[in-house]
Protein chains: 4
Amino acid sequence: MAKASVHSEVVEAEGHLIDSQILNVVFDTVVKHTASFDVLKFDIGRSNDEPSSIAMRISAPTEQILGQVLEELVALGCRLADTQDAQVRVADRDGCVPDDFYSTTNHRTMVRLNAQWVGVEHQRMDAVIVIEGGHAYCRKLRDVRNGDAIVCGVGGVRVIPEFQERDRHGFAFMTNEISSERRVEVGVSRIAAMMQEIKAAGGRIAAVAGPVIVHTGGAVHFQELIRAGYVDVLLSGNALAVHDAEQALFGTSLGVDLNTGKAIEGGHRHHMRAINTISKAGGLKAAVEQGVLTSGVMYECIRHNVDYVLAGSIRDDGPLPDTIMDLRVAQDCYAEALQNVRLVLALSTMLHGIGVGNMLPSWVKMVCVDINPAVVTKLADRGSSQTIGVVTDVGLFLHRLAQRLRT
Amino acid sequence: MAKASVHSEVVEAEGHLIDSQILNVVFDTVVKHTASFDVLKFDIGRSNDEPSSIAMRISAPTEQILGQVLEELVALGCRLADTQDAQVRVADRDGCVPDDFYSTTNHRTMVRLNAQWVGVEHQRMDAVIVIEGGHAYCRKLRDVRNGDAIVCGVGGVRVIPEFQERDRHGFAFMTNEISSERRVEVGVSRIAAMMQEIKAAGGRIAAVAGPVIVHTGGAVHFQELIRAGYVDVLLSGNALAVHDAEQALFGTSLGVDLNTGKAIEGGHRHHMRAINTISKAGGLKAAVEQGVLTSGVMYECIRHNVDYVLAGSIRDDGPLPDTIMDLRVAQDCYAEALQNVRLVLALSTMLHGIGVGNMLPSWVKMVCVDINPAVVTKLADRGSSQTIGVVTDVGLFLHRLAQRLRT
Amino acid sequence: MAKASVHSEVVEAEGHLIDSQILNVVFDTVVKHTASFDVLKFDIGRSNDEPSSIAMRISAPTEQILGQVLEELVALGCRLADTQDAQVRVADRDGCVPDDFYSTTNHRTMVRLNAQWVGVEHQRMDAVIVIEGGHAYCRKLRDVRNGDAIVCGVGGVRVIPEFQERDRHGFAFMTNEISSERRVEVGVSRIAAMMQEIKAAGGRIAAVAGPVIVHTGGAVHFQELIRAGYVDVLLSGNALAVHDAEQALFGTSLGVDLNTGKAIEGGHRHHMRAINTISKAGGLKAAVEQGVLTSGVMYECIRHNVDYVLAGSIRDDGPLPDTIMDLRVAQDCYAEALQNVRLVLALSTMLHGIGVGNMLPSWVKMVCVDINPAVVTKLADRGSSQTIGVVTDVGLFLHRLAQRLRT
Amino acid sequence: MAKASVHSEVVEAEGHLIDSQILNVVFDTVVKHTASFDVLKFDIGRSNDEPSSIAMRISAPTEQILGQVLEELVALGCRLADTQDAQVRVADRDGCVPDDFYSTTNHRTMVRLNAQWVGVEHQRMDAVIVIEGGHAYCRKLRDVRNGDAIVCGVGGVRVIPEFQERDRHGFAFMTNEISSERRVEVGVSRIAAMMQEIKAAGGRIAAVAGPVIVHTGGAVHFQELIRAGYVDVLLSGNALAVHDAEQALFGTSLGVDLNTGKAIEGGHRHHMRAINTISKAGGLKAAVEQGVLTSGVMYECIRHNVDYVLAGSIRDDGPLPDTIMDLRVAQDCYAEALQNVRLVLALSTMLHGIGVGNMLPSWVKMVCVDINPAVVTKLADRGSSQTIGVVTDVGLFLHRLAQRLRT
């Protein structure tokens, strides 16, 4: 059937190919590129415990299209049947790589070096793979240095997707069910159980939080989570810390008295006064030590040795001395803080939530809570099955979560 | 200053004209119509307890524009200085009125009959005023009958707006603050206090609820409100009762198991089975009496003698025998049920919420809870200061409200 | 492997099982019910033109669970391997059916009668199947009469889902891509092409439209579609016709001057005057004939013999004499008007859009346009692959669509 | 009336106090703080061309409350009747000011120095006022240096709010009418007219744009605006430039082929390849000069000498060499680029839109376009009457705007 001008390659895959919807995405991908597939072998798992396996020949009208299709199939978990070592080429200047560099997904990845499959370390998406001393590492493009050995093409690369099936009995329940019409209390219970389980096993939990947790009154419940040891690291921006300090110092947040709900015209002046006060003290830690800052989210973090990283943004007032305005440094601090984290709670912050999502390997769960379904969809879109979206009021959510974790 | 071709009229108003923003709306209205005003007399309230009063001459280039401006100013609370009786004309066929009929607002309205100011009964918006036996009534256009005496024009009509000021220390706090970033718990506390106060004074509370209260798990908390006597009447549609019955009979709602959060493919079949089961019993009341329906929102309403009206809609399945599919009848039943109600809770239902909003006089408070800010804005837009919008998750809101009302 | 207490049945299916994601939904369904499957035979389509086929034994711990699983699998396109005629039982009272009635999906369905597979007519979801004179019909529960022969259980029932694959090269592109970030102009071009193709083939197109098309200025473009023959039937409610008449008679819609964008305080009086004027004329058709109504959407419908059905709702003012306030009648008129329609454009109306979606068989395409992603999601959720969601401004959408259809 | 323990002060104001709603905000502010007012003199403007003037005594139970009330009243446009020079105190360390510093609004502000009222330069909100060489400047807190002379308290400070009235016949039409139900085409026409007028007068226009303009296909229309000279400066982030380059180099944006609308699985690899390609060239300008980048938004900016500033963020991939990752520098570059701008178009970017809004004086108009009403509300909230919100599809909006500007 293959004409002289057809380019083709055999790929293989195995696992819960049907359950996890990988097989239909593979077929879709082939057809979308005007390529075609010919199934050579398919063994379906007879029951839901058994994996399936497939071998198929992919044919395309040009070498370039074939290359694109293969690149995508490898990202989905297929591998070239024709086993070979990964192709490695040398970067010839800082911050740049050869044109055909392999761009990573967030899934567990192996590369074949000297006929051995080696796991890639520091897995994250949109990175390149650098080979150093027999090890393979994910590295951000901007951190590549002249002379680095870069994996190119898809030969000798295997991606092992998280099979959705693994979660079926666990937390997948809400995946792809981003809707404000679902029962949030069921979600809260499962998230609480997941948190307790992770802490019992000595795992780490990160929170990424926006200033909305202060405006909505959720901060007091979030502080309870911190005191109870459920937050190991807090990733946020300048705004959360400023609104939190304003609340601690003046009892208002962005001009609203949280106890009466009344707007205070002069609230934005409180905002600037809070920044001035913390700056005068020399930063948040100093303000706590000097007894200037005596309550709030940042106070609890400092008192309970919770690491925090505040990343700057174009809209920041101040900023506080603690805010990292060099975003390269901030991204590195975020990534460092996320090492070995097993769960991330993203609380009403699209900006920082996406930033964190970009840094996580696919086996770290992320729970995204926001009242705006578009935010939850956007965060969940990136992380496939790893993200659990909860469309709800973050203030009431934190209240219920704190209640659940008390029992 | 007036040229021969200028048409003008003197209007007067008094009250908290500045606080309530009426004066600037009056000025805006005049300018928008290319008319002009000339302030003849203005007494400002010296302190915030004293009312202000104004008299001004409105001039317009045509009689028609003057008429339009005056019509709007009267709706805002101004009255013609030149006192006269209301002009009354006779409808010459059913369901129609003279072209210059006075179309009502939802504010308290007086008409001058035989040199006496008489209060209009059954006040609601978008109605006509019919004079019968010395009384004045709001009547829907479709209920007008040949021969009815209809108030026309704006002479002899006075509207008494609810001054926003009256509420300043009460519940106005959230008005115009429709935002998911406000602290919902403050709102819940005030709404709970308002409900307790109304019940203590023997007042009636209506709930208008959509099926989302079932999907979100809020129904159990709503049932607690019913059992505790906080709901005197429930206004809804077919869908709430069907989902509630489905939940009571099969433990699912629209195909989602509420305890586990798992989607049940066959859920929409449960939905139809629920309708069939209730229909077989002969309706909801019969189903309760026969022991077929033993829990849920409708069960609690029936057990606690809470009136309910279910209005049909184009998207209804079934419907249940209880659902009123003739919408004229349904509207009349809604209006009847709302008599003497002092507070309406609108829970995640734009359709029925707007329907109810149209029927209420402006002195009945309406609390609108929805996770979608657009719905809350739309409901609040209609009712000016009478509507309190709360953008939150209705399931968690009802949970908190029930907790608050227990204490 | 089967213990004495295990209940089981063999089911079969064929088609584009993987592409269309049916197989993984089947597996999911089985696992969700704590049942299990054992694949007896699986032939995968070797290329994307060839169908796959599967036979598997489904086992469940109880007869009831097995029944539920089978019911769901049949709805997905599986059939019992053990061929038998459909089981038929008699309804013993009006509006009710036996407890184990078969509840329909919107997919093409066959029932086996006297060893012959017969297609079900008037296919729609959430109906029962009545056998009459050797034919099978979908019938709404409320239209069932004492003595009707009702299909019960899933034996002898086959559902033939629309395979998503069929559309791959056509209009499926936007399915499941409900996002305001997609390029709307691509969507407009395809929808225009689809409309031209349907009209060229003599097919019918229905529009379901909300009043927002008037407020957003989309009405003039919609009128162009009507004049150009692209709308065969208009399904809507009272509000569209009232706002359209208000615009035609007074140049405003809900109090906004559409040419200047300025709010007119007295706009809601225009609204009531428009109703009074049309009522006086005796309805919309009479108003057109008498020269009272000389422009607008309803005018164009009447002038170009486009059928329209206006369904009443609880929030209606008036209503106009043309509005059908008995919702049973309105639903029947909608369903009648939708006969043989090949495409439905749902323009900014969740209520009527869901109503129409409930009535359509799955092979009729529905394009849903709304600026609120939640509305598009809700409509698309019901109709699986038949619904194309476009999140955009309906006014600008209609402008572009009219431009495209001119070329 | 004043008791010994009452603290009071007389304030004065004049202007369109009622039209602009300032007076009722003033009264609200007083009451909210449990202070009281006593109107000493009030002259109402007799017609809508005449300003009003007021003098009133504000009394409060404590000196501190009085101070807070006065601070807020001054921000609203009142001034102390007791004329005095502004109080100036010296900062005693970098980045900090005395506790009672005056925190600026974005309104035109005067300070009294040596009995002369002097205008404050570089007006922006949330800044402090520094006195240098007889001039007064707004300065960000972090730019304050030890020894700077800082204005403290409210004596000798006057704020001159933009009276809403000035705009009544112009562009105010959409203010506070943030609704997707308004006719966008009316808005487009007015915005186009405003842009033509500004360019005719030699004024500058800035655009703040998010990557959504690329995904929605709006970029080609935006490029037309650039070529036609309607954009003097572009403020954005890394993502716009990356998606734009991806589109120019590979014809995709975030994995979607913009011509067919089809998703390209490997799209996120295109994204990284685009960054690598531009980085290799040495940045955007170099890429244009080398003929690597030959189309797109950034290409047109470079070809037409439009200044651009790309500010980094925590979620950036890459970033491109052009992106400023030190946010202090990025903020300064933004502020510099906004000097003398008369209009800002904020196109689907909340982050950068808020950043820009913080930097603008109140007399620079800002048009905010977004499909999400919450974003438009949030941007409009900050800028009072200066912001015009348009809830619509940004792609179709740019198409219409470009069409309008052609005529």
# chains A, B, ... in the order shown; residues from 1 in each chain; ligands from 1

$ closest_atom_pairs --of "chain A" --to "chain C" --cutoff "8 Å" --atoms "only C-alpha atoms" --output "Markdown table"
| residue | atom | partner | partner_atom | distance |
| --- | --- | --- | --- | --- |
| A:Ile18 | CA | C:Asn24 | CA | 5.4 |
| A:Asp19 | CA | C:Asn24 | CA | 4.8 |
| A:Ser20 | CA | C:Asn24 | CA | 7.4 |
| A:Gln21 | CA | C:Asn24 | CA | 6.5 |
| A:Leu23 | CA | C:Ile18 | CA | 6.9 |
| A:Asn24 | CA | C:Asp19 | CA | 4.8 |
| A:Val25 | CA | C:Asp19 | CA | 7.7 |
| A:Phe27 | CA | C:Asp19 | CA | 6.7 |
| A:Asp28 | CA | C:Asp19 | CA | 7.0 |
| A:Val31 | CA | C:Asn48 | CA | 7.7 |
| A:Ser36 | CA | C:Ser47 | CA | 7.0 |
| A:Phe37 | CA | C:Ser47 | CA | 5.5 |
| A:Asp38 | CA | C:Ser47 | CA | 5.0 |
| A:Val39 | CA | C:Arg46 | CA | 4.6 |
| A:Leu40 | CA | C:Arg46 | CA | 7.4 |
| A:Phe42 | CA | C:Ile44 | CA | 7.2 |
| A:Ile44 | CA | C:Phe42 | CA | 7.2 |
| A:Gly45 | CA | C:Val39 | CA | 7.5 |
| A:Arg46 | CA | C:Val39 | CA | 4.6 |
| A:Ser47 | CA | C:Asp38 | CA | 5.1 |
| A:Asn48 | CA | C:Phe37 | CA | 7.1 |
| A:Pro373 | CA | C:Ala374 | CA | 7.8 |
| A:Ala374 | CA | C:Pro373 | CA | 7.8 |

$ select_by_dssp --residues "stretch 7-139 of chain A" --states "helix (DSSP H, G or I)" --output "ChimeraX atom specification"
/A:22-32,63-76

$ residues_around --residues "A:Ser279" --least-positions-apart "2" --cutoff "7 Å" --atoms "only C-alpha atoms" --output "NGL selection string"
(:A and (275-277 or 281-283 or 320-321)) or (:D and (96))

$ write_last_selection --atoms "all heavy atoms" --output "mmCIF file, in the first residue's frame"
data_model
loop_
_atom_site.group_PDB
_atom_site.id
_atom_site.type_symbol
_atom_site.label_atom_id
_atom_site.label_comp_id
_atom_site.auth_asym_id
_atom_site.auth_seq_id
_atom_site.Cartn_x
_atom_site.Cartn_y
_atom_site.Cartn_z
ATOM 1 N N ILE A 275 2.354 49.277 53.635
ATOM 2 C CA ILE A 275 3.639 49.081 52.955
ATOM 3 C C ILE A 275 4.733 49.905 53.650
ATOM 4 O O ILE A 275 5.833 49.412 53.917
ATOM 5 C CB ILE A 275 3.528 49.476 51.463
ATOM 6 C CG1 ILE A 275 2.571 48.524 50.741
ATOM 7 C CG2 ILE A 275 4.905 49.465 50.795
ATOM 8 C CD1 ILE A 275 2.220 48.948 49.325
ATOM 9 N N ASN A 276 4.414 51.148 53.970
ATOM 10 C CA ASN A 276 5.393 52.027 54.626
ATOM 11 C C ASN A 276 5.822 51.456 55.977
ATOM 12 O O ASN A 276 7.010 51.443 56.313
ATOM 13 C CB ASN A 276 4.784 53.428 54.795
ATOM 14 C CG ASN A 276 5.814 54.469 55.180
ATOM 15 O OD1 ASN A 276 6.924 54.477 54.647
ATOM 16 N ND2 ASN A 276 5.461 55.327 56.141
ATOM 17 N N THR A 277 4.846 50.949 56.714
ATOM 18 C CA THR A 277 5.137 50.415 58.048
ATOM 19 C C THR A 277 6.046 49.192 57.981
ATOM 20 O O THR A 277 7.020 49.077 58.739
ATOM 21 C CB THR A 277 3.802 50.054 58.760
ATOM 22 O OG1 THR A 277 3.005 51.238 58.819
ATOM 23 C CG2 THR A 277 4.046 49.507 60.156
ATOM 24 N N ALA A 281 10.089 48.733 59.115
ATOM 25 C CA ALA A 281 10.585 47.687 60.017
ATOM 26 C C ALA A 281 11.723 46.908 59.367
ATOM 27 O O ALA A 281 12.524 46.271 60.038
ATOM 28 C CB ALA A 281 9.452 46.729 60.399
ATOM 29 N N GLY A 282 11.784 46.966 58.025
ATOM 30 C CA GLY A 282 12.848 46.258 57.323
ATOM 31 C C GLY A 282 12.370 44.956 56.692
ATOM 32 O O GLY A 282 13.184 44.118 56.304
ATOM 33 N N GLY A 283 11.053 44.790 56.619
ATOM 34 C CA GLY A 283 10.514 43.583 55.993
ATOM 35 C C GLY A 283 9.600 42.830 56.944
ATOM 36 O O GLY A 283 9.437 43.205 58.109
ATOM 37 N N LEU A 320 6.836 45.434 48.992
ATOM 38 C CA LEU A 320 7.440 45.129 50.278
ATOM 39 C C LEU A 320 8.884 44.688 50.058
ATOM 40 O O LEU A 320 9.204 44.128 49.007
ATOM 41 C CB LEU A 320 6.670 43.981 50.960
ATOM 42 C CG LEU A 320 5.236 44.307 51.348
ATOM 43 C CD1 LEU A 320 4.576 43.075 51.945
ATOM 44 C CD2 LEU A 320 5.191 45.461 52.340
ATOM 45 N N PRO A 321 9.735 44.896 51.052
ATOM 46 C CA PRO A 321 11.128 44.455 50.902
ATOM 47 C C PRO A 321 11.240 42.961 50.617
ATOM 48 O O PRO A 321 12.204 42.506 50.005
ATOM 49 C CB PRO A 321 11.749 44.797 52.258
ATOM 50 C CG PRO A 321 10.892 45.869 52.831
ATOM 51 C CD PRO A 321 9.516 45.609 52.326
ATOM 52 N N CYS D 96 11.126 54.905 52.772
ATOM 53 C CA CYS D 96 10.156 55.045 53.857
ATOM 54 C C CYS D 96 9.844 56.521 54.058
ATOM 55 O O CYS D 96 10.682 57.379 53.766
ATOM 56 C CB CYS D 96 10.695 54.492 55.167
ATOM 57 S SG CYS D 96 11.136 52.761 55.084
#

$ atom_distance --atom1 "atom CA of B:Leu401" --atom2 "atom CA of B:Ala228"
12.1 Å

$ residues_around --residues "D:Val367" --least-positions-apart "3" --cutoff "8 Å" --atoms "only C-alpha atoms" --output "list in words"
Leu343, Val344, Leu345, Ala346, Thr387, Ile388, Gly389 and Val390 of chain D

$ write_last_selection --atoms "N, CA and C atoms" --output "mmCIF file, in the first residue's frame"
data_model
loop_
_atom_site.group_PDB
_atom_site.id
_atom_site.type_symbol
_atom_site.label_atom_id
_atom_site.label_comp_id
_atom_site.auth_asym_id
_atom_site.auth_seq_id
_atom_site.Cartn_x
_atom_site.Cartn_y
_atom_site.Cartn_z
ATOM 1 N N LEU D 343 -4.789 58.374 25.637
ATOM 2 C CA LEU D 343 -5.767 57.287 25.622
ATOM 3 C C LEU D 343 -5.025 55.968 25.723
ATOM 4 N N VAL D 344 -5.590 55.069 26.532
ATOM 5 C CA VAL D 344 -5.023 53.721 26.637
ATOM 6 C C VAL D 344 -6.098 52.714 26.244
ATOM 7 N N LEU D 345 -5.757 51.831 25.315
ATOM 8 C CA LEU D 345 -6.648 50.713 24.993
ATOM 9 C C LEU D 345 -6.122 49.486 25.732
ATOM 10 N N ALA D 346 -6.906 48.954 26.662
ATOM 11 C CA ALA D 346 -6.493 47.750 27.392
ATOM 12 C C ALA D 346 -7.247 46.571 26.791
ATOM 13 N N THR D 387 -12.503 55.247 33.058
ATOM 14 C CA THR D 387 -12.444 53.979 32.357
ATOM 15 C C THR D 387 -13.765 53.640 31.668
ATOM 16 N N ILE D 388 -13.669 53.240 30.427
ATOM 17 C CA ILE D 388 -14.826 52.808 29.655
ATOM 18 C C ILE D 388 -14.692 51.310 29.466
ATOM 19 N N GLY D 389 -15.659 50.563 29.955
ATOM 20 C CA GLY D 389 -15.582 49.110 29.851
ATOM 21 C C GLY D 389 -16.415 48.588 28.704
ATOM 22 N N VAL D 390 -15.854 47.685 27.927
ATOM 23 C CA VAL D 390 -16.587 47.060 26.827
ATOM 24 C C VAL D 390 -16.455 45.554 26.979
#

$ residues_around --residues "B:Arg400" --least-positions-apart "5" --cutoff "10 Å" --atoms "only C-alpha atoms" --output "list in words"
Leu396, His399 and Arg400 of chain A; Val184, Glu185, Val188, Ser189, Ala192, His221, Val394, Gly395, Leu405 and Arg406 of chain B

$ residues_around --residues "stretch 354-359 of chain A" --least-positions-apart "5" --cutoff "8 Å" --atoms "only C-alpha atoms" --output "list in words"
Arg124, Met125, Asp126, Val208, Tyr334, Ala335, Met366, Leu379, Arg382 and Gly383 of chain A; Ile314, Arg315 and Asp316 of chain D

$ residues_around --residues "C:Val88" --least-positions-apart "4" --cutoff "12 Å" --atoms "only C-alpha atoms" --output "PyMOL selection string"
chain C and resi 84+97-98+100-102+111-114+128-132+136+147-157

$ atom_distance --atom1 "atom CA of B:Ile324" --atom2 "atom CA of B:Gly210"
16.0 Å

$ atom_distance --atom1 "atom CA of D:Ala206" --atom2 "atom CA of D:Glu121"
20.3 Å

$ select_by_dssp --residues "stretch 70-170 of chain A" --states "strand (DSSP E or B)" --output "PyMOL selection string"
chain A and resi 79-80+87-90+101+103+108-113+116-121+128-132+135-139+149-152+157-160

$ write_last_selection --atoms "N, CA, C and O atoms" --output "compact mmCIF listing (two decimals), in the first residue's frame"
# COMPACT_ATOMS: atom_id res chain seq x y z
N ARG A 79 6.54 5.04 21.76
CA ARG A 79 7.99 5.11 21.53
C ARG A 79 8.29 4.49 20.18
O ARG A 79 7.54 3.66 19.68
N LEU A 80 9.40 4.88 19.56
CA LEU A 80 9.79 4.28 18.30
C LEU A 80 10.15 2.81 18.55
O LEU A 80 10.85 2.49 19.52
N GLN A 87 19.56 11.05 20.61
CA GLN A 87 20.52 11.83 19.84
C GLN A 87 20.88 13.07 20.65
O GLN A 87 20.00 13.77 21.15
N VAL A 88 22.17 13.32 20.80
CA VAL A 88 22.59 14.43 21.65
C VAL A 88 23.42 15.40 20.82
O VAL A 88 24.33 14.98 20.09
N ARG A 89 23.09 16.70 20.91
CA ARG A 89 23.89 17.69 20.21
C ARG A 89 24.24 18.83 21.15
O ARG A 89 23.58 19.05 22.16
N VAL A 90 25.25 19.56 20.76
CA VAL A 90 25.84 20.53 21.68
C VAL A 90 25.31 21.94 21.41
O VAL A 90 25.24 22.37 20.26
N PHE A 101 15.68 20.43 18.99
CA PHE A 101 15.73 20.02 20.41
C PHE A 101 14.43 19.34 20.83
O PHE A 101 13.36 19.66 20.33
N SER A 103 11.54 19.06 23.30
CA SER A 103 10.90 19.94 24.29
C SER A 103 10.05 19.08 25.21
O SER A 103 9.20 18.32 24.76
N ARG A 108 6.73 11.90 33.44
CA ARG A 108 7.93 11.14 33.71
C ARG A 108 8.56 10.74 32.36
O ARG A 108 7.87 10.24 31.47
N THR A 109 9.82 11.00 32.18
CA THR A 109 10.47 10.78 30.89
C THR A 109 11.76 9.98 31.08
O THR A 109 12.46 10.13 32.09
N MET A 110 12.06 9.09 30.12
CA MET A 110 13.30 8.32 30.11
C MET A 110 14.04 8.64 28.83
O MET A 110 13.42 8.82 27.78
N VAL A 111 15.36 8.69 28.90
CA VAL A 111 16.12 8.78 27.66
C VAL A 111 17.10 7.61 27.61
O VAL A 111 17.57 7.12 28.65
N ARG A 112 17.40 7.16 26.42
CA ARG A 112 18.27 6.00 26.25
C ARG A 112 19.69 6.50 25.98
O ARG A 112 19.95 7.19 25.00
N LEU A 113 20.58 6.18 26.92
CA LEU A 113 21.99 6.57 26.81
C LEU A 113 22.82 5.30 26.90
O LEU A 113 22.64 4.52 27.84
N GLN A 116 21.06 2.19 27.72
CA GLN A 116 20.38 2.11 29.02
C GLN A 116 19.31 3.21 29.10
O GLN A 116 19.58 4.35 28.74
N TRP A 117 18.12 2.85 29.61
CA TRP A 117 17.08 3.87 29.81
C TRP A 117 17.34 4.57 31.14
O TRP A 117 17.38 3.94 32.19
N VAL A 118 17.47 5.86 31.09
CA VAL A 118 17.81 6.67 32.27
C VAL A 118 16.66 7.66 32.53
O VAL A 118 16.17 8.28 31.59
N GLY A 119 16.23 7.76 33.78
CA GLY A 119 15.14 8.70 34.10
C GLY A 119 15.62 10.15 34.06
O GLY A 119 16.74 10.44 34.48
N VAL A 120 14.76 11.03 33.59
CA VAL A 120 15.12 12.45 33.54
C VAL A 120 14.80 13.10 34.89
O VAL A 120 13.72 12.90 35.43
N GLU A 121 15.74 13.84 35.43
CA GLU A 121 15.54 14.48 36.75
C GLU A 121 14.98 15.90 36.60
O GLU A 121 15.08 16.50 35.55
N VAL A 128 14.31 21.75 28.13
CA VAL A 128 15.11 20.88 27.26
C VAL A 128 15.78 19.85 28.17
O VAL A 128 15.82 20.02 29.39
N ILE A 129 16.27 18.76 27.57
CA ILE A 129 16.96 17.74 28.37
C ILE A 129 18.46 17.88 28.13
O ILE A 129 18.91 17.83 26.98
N VAL A 130 19.19 18.06 29.22
CA VAL A 130 20.63 18.19 29.16
C VAL A 130 21.25 16.91 29.73
O VAL A 130 20.78 16.40 30.76
N ILE A 131 22.26 16.40 29.04
CA ILE A 131 22.96 15.21 29.53
C ILE A 131 24.27 15.65 30.18
O ILE A 131 25.07 16.36 29.56
N GLU A 132 24.44 15.24 31.42
CA GLU A 132 25.67 15.61 32.16
C GLU A 132 26.11 14.44 33.02
O GLU A 132 25.35 14.01 33.91
N HIS A 135 23.86 11.54 33.62
CA HIS A 135 22.52 11.87 34.08
C HIS A 135 21.81 12.74 33.05
O HIS A 135 22.45 13.39 32.22
N ALA A 136 20.46 12.74 33.14
CA ALA A 136 19.66 13.58 32.26
C ALA A 136 18.84 14.52 33.13
O ALA A 136 18.23 14.08 34.11
N TYR A 137 18.84 15.81 32.78
CA TYR A 137 18.12 16.81 33.57
C TYR A 137 17.23 17.67 32.68
O TYR A 137 17.63 18.02 31.57
N CYS A 138 16.06 18.06 33.23
CA CYS A 138 15.29 19.11 32.58
C CYS A 138 15.96 20.44 32.90
O CYS A 138 16.34 20.69 34.05
N ARG A 139 16.09 21.29 31.87
CA ARG A 139 16.68 22.60 32.13
C ARG A 139 15.89 23.63 31.33
O ARG A 139 15.53 23.41 30.19
N ALA A 149 25.14 19.44 26.45
CA ALA A 149 24.72 18.37 25.55
C ALA A 149 23.19 18.25 25.62
O ALA A 149 22.63 17.94 26.67
N ILE A 150 22.55 18.52 24.49
CA ILE A 150 21.09 18.64 24.46
C ILE A 150 20.48 17.47 23.70
O ILE A 150 20.93 17.12 22.60
N VAL A 151 19.43 16.84 24.26
CA VAL A 151 18.73 15.77 23.56
C VAL A 151 17.93 16.37 22.41
O VAL A 151 17.17 17.32 22.61
N CYS A 152 18.08 15.80 21.20
CA CYS A 152 17.37 16.29 20.02
C CYS A 152 16.57 15.16 19.39
O CYS A 152 16.93 13.98 19.50
N VAL A 157 13.69 8.44 23.29
CA VAL A 157 12.95 9.17 24.34
C VAL A 157 11.65 8.42 24.62
O VAL A 157 10.94 8.03 23.69
N ARG A 158 11.35 8.21 25.88
CA ARG A 158 10.07 7.59 26.26
C ARG A 158 9.37 8.43 27.32
O ARG A 158 9.99 8.81 28.31
N VAL A 159 8.10 8.66 27.09
CA VAL A 159 7.30 9.40 28.06
C VAL A 159 6.33 8.43 28.71
O VAL A 159 5.74 7.60 28.03
N ILE A 160 6.22 8.48 30.01
CA ILE A 160 5.31 7.59 30.72
C ILE A 160 4.20 8.41 31.36
O ILE A 160 4.34 8.95 32.45

$ decode --residues "stretch 348-353 of chain B" --atoms "N, CA and C atoms" --output "mmCIF file, in the first residue's frame"
data_model
loop_
_atom_site.group_PDB
_atom_site.id
_atom_site.type_symbol
_atom_site.label_atom_id
_atom_site.label_comp_id
_atom_site.auth_asym_id
_atom_site.auth_seq_id
_atom_site.Cartn_x
_atom_site.Cartn_y
_atom_site.Cartn_z
ATOM 1 N N SER B 348 -30.023 30.983 43.295
ATOM 2 C CA SER B 348 -29.551 30.382 42.044
ATOM 3 C C SER B 348 -30.637 30.109 41.023
ATOM 4 N N THR B 349 -31.435 31.087 40.747
ATOM 5 C CA THR B 349 -32.407 30.934 39.675
ATOM 6 C C THR B 349 -32.723 32.279 39.058
ATOM 7 N N MET B 350 -32.136 32.560 37.924
ATOM 8 C CA MET B 350 -32.362 33.841 37.275
ATOM 9 C C MET B 350 -33.793 33.948 36.778
ATOM 10 N N LEU B 351 -34.274 32.885 36.147
ATOM 11 C CA LEU B 351 -35.596 32.936 35.543
ATOM 12 C C LEU B 351 -36.677 33.266 36.575
ATOM 13 N N HIS B 352 -36.773 32.452 37.611
ATOM 14 C CA HIS B 352 -37.821 32.674 38.602
ATOM 15 C C HIS B 352 -37.526 33.905 39.451
ATOM 16 N N GLY B 353 -36.240 34.196 39.634
ATOM 17 C CA GLY B 353 -35.863 35.383 40.394
ATOM 18 C C GLY B 353 -36.353 36.659 39.713
#
